Structure formats: structure tokens, C-alpha cells
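In what follows, a structure is listed as C-alpha cells, so that the remarks can point back to it.
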Amino acid sequence: MALASKLIDIHTHVYLPRYCSLLRSRTSVPRILTSTRDGKPDDRLLILDHEPSGGRPVGPQYWDRDEKIKFMDRHGIDLSVVSSANPWLDFLSAPEAKTLALELNEDLEQYCSESPQLSSSSLKRLYGFGLLPLVPGISTSSLLETIDQISKLSYLKGIIMGSRGIGKGLDDEALDPVWAALEKAGLVVFLHPHYGVDEKAWGDKDNGHVLPLALGFPFETTIATTRLILAGVFDRFPSLRLLLAHSGGALPQLSSRLASCIDHDPVVASRLKHDARWYLGKLYFDAVAYGPEELGFVADVVARSERFESGRPANMPPTVARTLGSKRMLFGTDHPFFPPLQSTEKWKSVVENLQAIDSVAGWGQAEKEGVRGGNALSLFNLI
Ligand code: 5CU
């Protein structure tokens, strides 16, 4: 099988054993609550507010590399770029976060470097996104030191980060040296949500985690990315490679409205170098959207940014746009989250995302193979 037709999962998480030990030792959220039920261990993970039923059951699929490989084999996934899961180091003091980031980055490097070889290639089956100690009070030099560490770890190809930065969000100028260093090192930044939006928006009904996960997570990503655009981060760091979780949330749908609001706002109108829609074409989007129409729409919107290259929309045949946009989209699973409620061989969440890629109107073999894995090979410099 040619490398270009491999299936690569770029949105897949791990809670490394060292991190799990910390969560087990804690008495407040985030934590792993260890108890027994019917004489068997019954570990529960509590990371989100108001976890239903005392937290969700966790087991080796959250931390064990063999379980990750078994999951990959079961779904035909050749290679995964694994990231630590939320809430990362957000709840720690600056010195604790710094020490743990350095340790977890080494742990993840080992987790990947000791993974099986990808057949008929010189690649391994696991690569990773490292962690930065992005917490209030951290020094710039600590952040730069960690970026330097990650850039020297050959299996780590980027970093995962949440939306809080070092306390003031991602539009904080204090992060400029971080963007500069990440851009220079060629590390991909995977922007992933954790906090959602104000829970008052969800009302009083018990809807489990549906509203925070389906809407809160993507809205958080939408807001964080919009703030990055408005702060001119992509004007100052044009080669920064930002990968958005959950297909960029609502940003593709709202980008023309955003452009119009900017144009009509005296504070912001002349701040940016480009029309707001142009910046979407500089971003990468996971294909964790579960439907072909949504994937096709994201591809169209992303490609349309090319039309704003000259500041002037130009015509582009729809088929060309869809092909162009597909190059910025990458398959993901969100494993170990979204397991099936009833035991099945394959996970519905994975099957749906694969079927969605396969059914996008206008995507031929080349586009599908790109989204399934070819785009990841290029983005992460694996070929
Ligand atoms: O189901 C969930 O809570 C999550 C989560 O916390 N993080 C994530 O990446 N996906 C789903």
C-alpha cells in the first residue's frame, strides 16, 4: 500500500500513566476517582463540570498504548498523531506545570518511539503532540525552553493547546514569542477546547454532556480562533500552522458575518492585513464533523479564502473549490471519547466520520485519500 493511501488519525487522545497518577492523587476535579464495584476496580474520570453518574468509567483505553494500537487495528488506522487530553496542565501552578510538561513530553516521545513500525515504511505507527506549560505566571523562557525540548524530540510533531493561553486567552501579546518559536520550529499547533461556554446557556434540563460537547466545545474553538485572527496573530506569524478541532466549530459558517462585522467596526476595520475570510485558508481543520455535507461546506469555505488573496473575490468553479479546500482537512476519531453505548466491533463515531469523508459530493479518490491520510503526511512532514 502506498503511503499516500494510509489512514491517519490526527485527533486521538491519551492520558499518559504519569498524568493518570496525578489525577488519581487529587481530591478535586480534574481527578480519577478510584473505587470498586462488585469487587472489581471502578475508576471514574471527572474532567468536565457536572459529570453525569459520578464521572465516566475509564480503563486502559485511556492510557495503554496496546489498547490504542488495538483500536487502530480494529478500524484500519495505520498511524495516529496522539495528543494529551483536556484539561492538560491548566489546573497546576507554574512550577508544577513546567516540570510535568517536560516529563510528559519525554513520556509521549517514548510512547511513540516504542510503537510498532508502520508496514512497508520507515515510519512508526504513533507520533505525538507535546504539551506546553500554558498557565498563569509561567515565564516566557519556560515556554520557549519547552518548545525547544519538543522540537528536538523526533516523534513529536506539534503541540496541543487549549484556549486560555497563560490566563488571558490566545490573543494575549505575551504569547507572541511562543507563536514565533512554534512557527520557527515548524510545530503544528492543535487547538482543542475544554471549557465550552457559560453553562447558564444550557438551562435546567438534564441533557447529559450533549450541549457542552456538541455546542460548547466547538463554540469555544470558534471564539478562540476568531480572537487570534482579530489580534493579527496570522499577520505577524504567517507561517504558523494551526489545526482546529471539530472542523473549526462554527467559524466556517460565521466567517462572512465576521468579515462584515470587522468592515463595519471603527475599532477593527483597518487593523488586519486581509479580509477575515482569507485567514480561514491558512488554517487546518480536522474532519471530525460526522457528516458529508458539513465536510463539503468547510472545504468550500476554506477554498473561498483563495478568492480573497487579492482582497477581491473572484470566481472559482465549485468543483475546484471543493478540491482545494479538501487539502486542509484531516481525518480524526477523538478516541478514547465517544465509545459506543453498546459493545460493537467498530465504533459508530469512527465509522460515521469515515463514511462522511467517503460521501462528500465532488470529492474523488485523490481528495478522499488526502483527507484520510495524505494531508497528514504533508502537514506533519512525515514524507
Ligand atoms: O467526551 C468528552 O468529555 C470529551 C473530552 O473531554 N475531550 C475530548 O477531546 N472529547 C470528548
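Residue names in the C-alpha cells use chain letters A, B, ... in the order shown, residue numbers from 1 in each chain, and ligand numbers from 1 in the order shown.
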Spatial neighbours of Ala180 in chain A, 9 Å, only C-alpha atoms, chain gap at least 6 places, as a PyMOL selection string: chain A and resi 236-237+240
Go ahead and save the residues from that selection, with N, CA and C atoms, as a PDB file, in the first residue's frame.
ATOM      1  N   ARG A 236       1.201  38.561  11.838  1.00  0.00           N
ATOM      2  CA  ARG A 236       2.573  38.616  12.366  1.00  0.00           C
ATOM      3  C   ARG A 236       3.312  37.290  12.167  1.00  0.00           C
ATOM      4  N   PHE A 237       2.552  36.187  12.154  1.00  0.00           N
ATOM      5  CA  PHE A 237       3.195  34.861  12.049  1.00  0.00           C
ATOM      6  C   PHE A 237       2.538  34.074  10.907  1.00  0.00           C
ATOM      7  N   LEU A 240       2.615  30.198  10.721  1.00  0.00           N
ATOM      8  CA  LEU A 240       2.126  29.393  11.849  1.00  0.00           C
ATOM      9  C   LEU A 240       1.082  28.410  11.327  1.00  0.00           C
TER      10      LEU A 240
END
Can you tell me, as a compact mmCIF listing (two decimals) with N, CA and C atoms, in the first residue's frame, what residues are no more than 7 Å from Tyr290 in chain A when counting only C-alpha atoms, ignoring any on the same chain fewer than 3 positions away?
# COMPACT_ATOMS: atom_id res chain seq x y z
N GLU A 352 -18.81 6.71 11.22
CA GLU A 352 -19.53 7.87 10.66
C GLU A 352 -18.58 8.88 10.04
N ASN A 353 -17.46 9.11 10.72
CA ASN A 353 -16.51 10.09 10.17
C ASN A 353 -15.86 9.56 8.88
N ALA A 356 -18.48 9.79 6.17
CA ALA A 356 -18.67 11.19 5.77
C ALA A 356 -17.61 11.59 4.74
Option closest in space to Glu345 in chain A, from A:Lys70, A:Arg328, A:Lys368, A:His11 [counting only C-alpha atoms]: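 Going through A:Lys70, A:Arg328, A:Lys368, A:His11 one by one, the smallest distance to Glu345 in chain A is for A:Lys70.
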Close residues, Asp334 in chain A itself excluded, 12 Å, only C-alpha atoms, min 5 positions apart in chain, as a count of residues only: 31
Residues near Ser260 in chain A, cut-off 12 Å, only C-alpha atoms, skip fewer than 5 positions along chain, as a ChimeraX atom specification: /A:254-255,265-266,268-269,275-277
Once you have the residues from the selection above, write them out as a tab-separated table (two decimals), in the first residue's frame, restricted to N, CA and C atoms.
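Okay, out_26.tsv is ready:
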chain	number	residue	atom	x	y	z
A	254	LEU	N	-19.62	31.20	10.09
A	254	LEU	CA	-19.75	32.60	10.51
A	254	LEU	C	-18.71	33.52	9.89
A	255	SER	N	-17.88	33.00	8.99
A	255	SER	CA	-16.73	33.82	8.58
A	255	SER	C	-17.13	35.05	7.76
A	265	ASP	N	-16.78	48.05	11.75
A	265	ASP	CA	-16.40	48.41	13.12
A	265	ASP	C	-15.22	49.39	13.11
A	266	PRO	N	-15.45	50.59	13.61
A	266	PRO	CA	-14.39	51.59	13.54
A	266	PRO	C	-13.13	51.19	14.30
A	268	VAL	N	-11.83	48.10	14.54
A	268	VAL	CA	-11.09	46.98	13.95
A	268	VAL	C	-10.91	47.11	12.43
A	269	ALA	N	-11.75	47.95	11.80
A	269	ALA	CA	-11.83	47.96	10.32
A	269	ALA	C	-10.47	47.99	9.63
A	275	ASP	N	-8.96	40.48	4.39
A	275	ASP	CA	-10.36	40.18	4.70
A	275	ASP	C	-10.38	38.98	5.66
A	276	ALA	N	-11.30	38.97	6.64
A	276	ALA	CA	-11.31	37.91	7.65
A	276	ALA	C	-11.37	36.51	7.03
A	277	ARG	N	-12.06	36.40	5.88
A	277	ARG	CA	-12.21	35.07	5.26
A	277	ARG	C	-10.89	34.52	4.74
Contacts of range 98-106 of chain A within 8 Å, only C-alpha atoms, excl. fewer than 5 positions in-chain, as a list in words: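 Selected residues are Leu16, Arg18, Tyr19, Leu89, Gly130, Leu131, Leu132, Pro133, Ile138, Ser142, Thr146, Gln149, Ile150 and Leu153 of chain A.
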Residue neighbourhood Pro136 in chain A, 12 Å, only C-alpha atoms, exclusion window fewer than 5 positions, as a compact mmCIF listing (two decimals) with C-alpha atoms, in the first residue's frame:
# COMPACT_ATOMS: atom_id res chain seq x y z
CA LEU A 89 -1.86 21.22 32.75
CA ASP A 90 -4.33 24.05 33.19
CA PHE A 91 -5.05 23.37 36.87
CA LEU A 92 -1.42 23.36 38.03
CA SER A 93 0.88 26.07 39.40
CA ALA A 94 3.55 27.38 37.04
CA PRO A 95 6.42 25.35 38.56
CA GLU A 96 4.31 22.16 38.62
CA ALA A 97 3.14 22.69 35.05
CA LYS A 98 6.66 23.26 33.80
CA LEU A 143 7.61 28.20 27.43
CA ARG A 164 -6.79 30.01 27.84
CA GLY A 165 -3.18 30.78 26.97
CA ILE A 166 -1.44 31.97 30.12
CA GLY A 167 -4.67 33.30 31.56
CA LYS A 168 -5.83 35.96 29.12
CA GLY A 169 -6.66 33.84 26.09
CA ASP A 172 -2.55 37.92 24.55
CA ALA A 174 2.59 37.92 25.79
CA LEU A 175 2.21 34.83 23.59
Polymer residues at most 9 Å from Thr319 in chain A, only C-alpha atoms, same-chain spacing of 4 or more positions, as a list in words: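 Once the nearby chain positions are removed, what remains is Asp300, Thr323, Leu324, Gly362 and Trp363 of chain A.
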Writing out the chosen residues with C-alpha atoms as a tab-separated table (two decimals), in the first residue's frame:
chain	number	residue	atom	x	y	z
A	300	ASP	CA	-15.85	25.23	0.14
A	323	THR	CA	-10.83	20.02	-4.14
A	324	LEU	CA	-8.69	22.91	-2.95
A	362	GLY	CA	-17.37	16.35	-5.53
A	363	TRP	CA	-14.53	14.59	-3.71
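Comparing A:Tyr195, A:Tyr127, A:Phe219, A:Trp179 by their smallest distance to ligand 1, the closest is A:Tyr195 (using only C-alpha atoms and all ligand atoms).
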All alpha helix (DSSP H) residues (DSSP, backbone) inside range 97-321 of chain A, as a VMD selection string: chain A and resid 97 to 113 140 to 152 176 to 185 210 to 211 217 to 230 233 to 236 251 to 263 276 to 280 292 to 304 318 to 321
In range 85-165 of chain A, DSSP strand (DSSP E) residues written as a list in words: Leu126, Tyr127, Gly128, Phe129, Gly130, Leu131, Leu156, Lys157, Gly158, Ile159, Ile160 and Met161 of chain A
For the residues in the current selection, export C-alpha atoms as a tab-separated table (two decimals), in the first residue's frame.
chain	number	residue	atom	x	y	z
A	126	LEU	CA	2.48	6.61	16.61
A	127	TYR	CA	3.55	10.25	16.61
A	128	GLY	CA	2.51	12.93	19.04
A	129	PHE	CA	1.66	16.49	20.01
A	130	GLY	CA	3.61	17.76	23.02
A	131	LEU	CA	2.41	20.00	25.83
A	156	LEU	CA	6.62	14.94	18.48
A	157	LYS	CA	5.35	16.92	15.51
A	158	GLY	CA	3.43	19.69	17.20
A	159	ILE	CA	1.76	20.80	20.41
A	160	ILE	CA	-1.82	20.66	21.65
A	161	MET	CA	-3.20	23.69	23.46
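Minimum atom-to-atom distances from A:Gly232, A:Gly248, A:Gly281, A:Pro41 to Leu215 in chain A were compared using only C-alpha atoms, and the lowest value belongs to A:Gly248.
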Atom-to-atom span, atom 2 (C, counted along the ligand's line) of ligand 1 and CA of Leu48 in chain A, Å: 7.7 Å
Between CA of Asp42 in chain A and CA of Arg56 in chain A, distance in Å (one decimal):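 Atom-to-atom, CA of Asp42 in chain A to CA of Arg56 in chain A, that is 9.8 Å.
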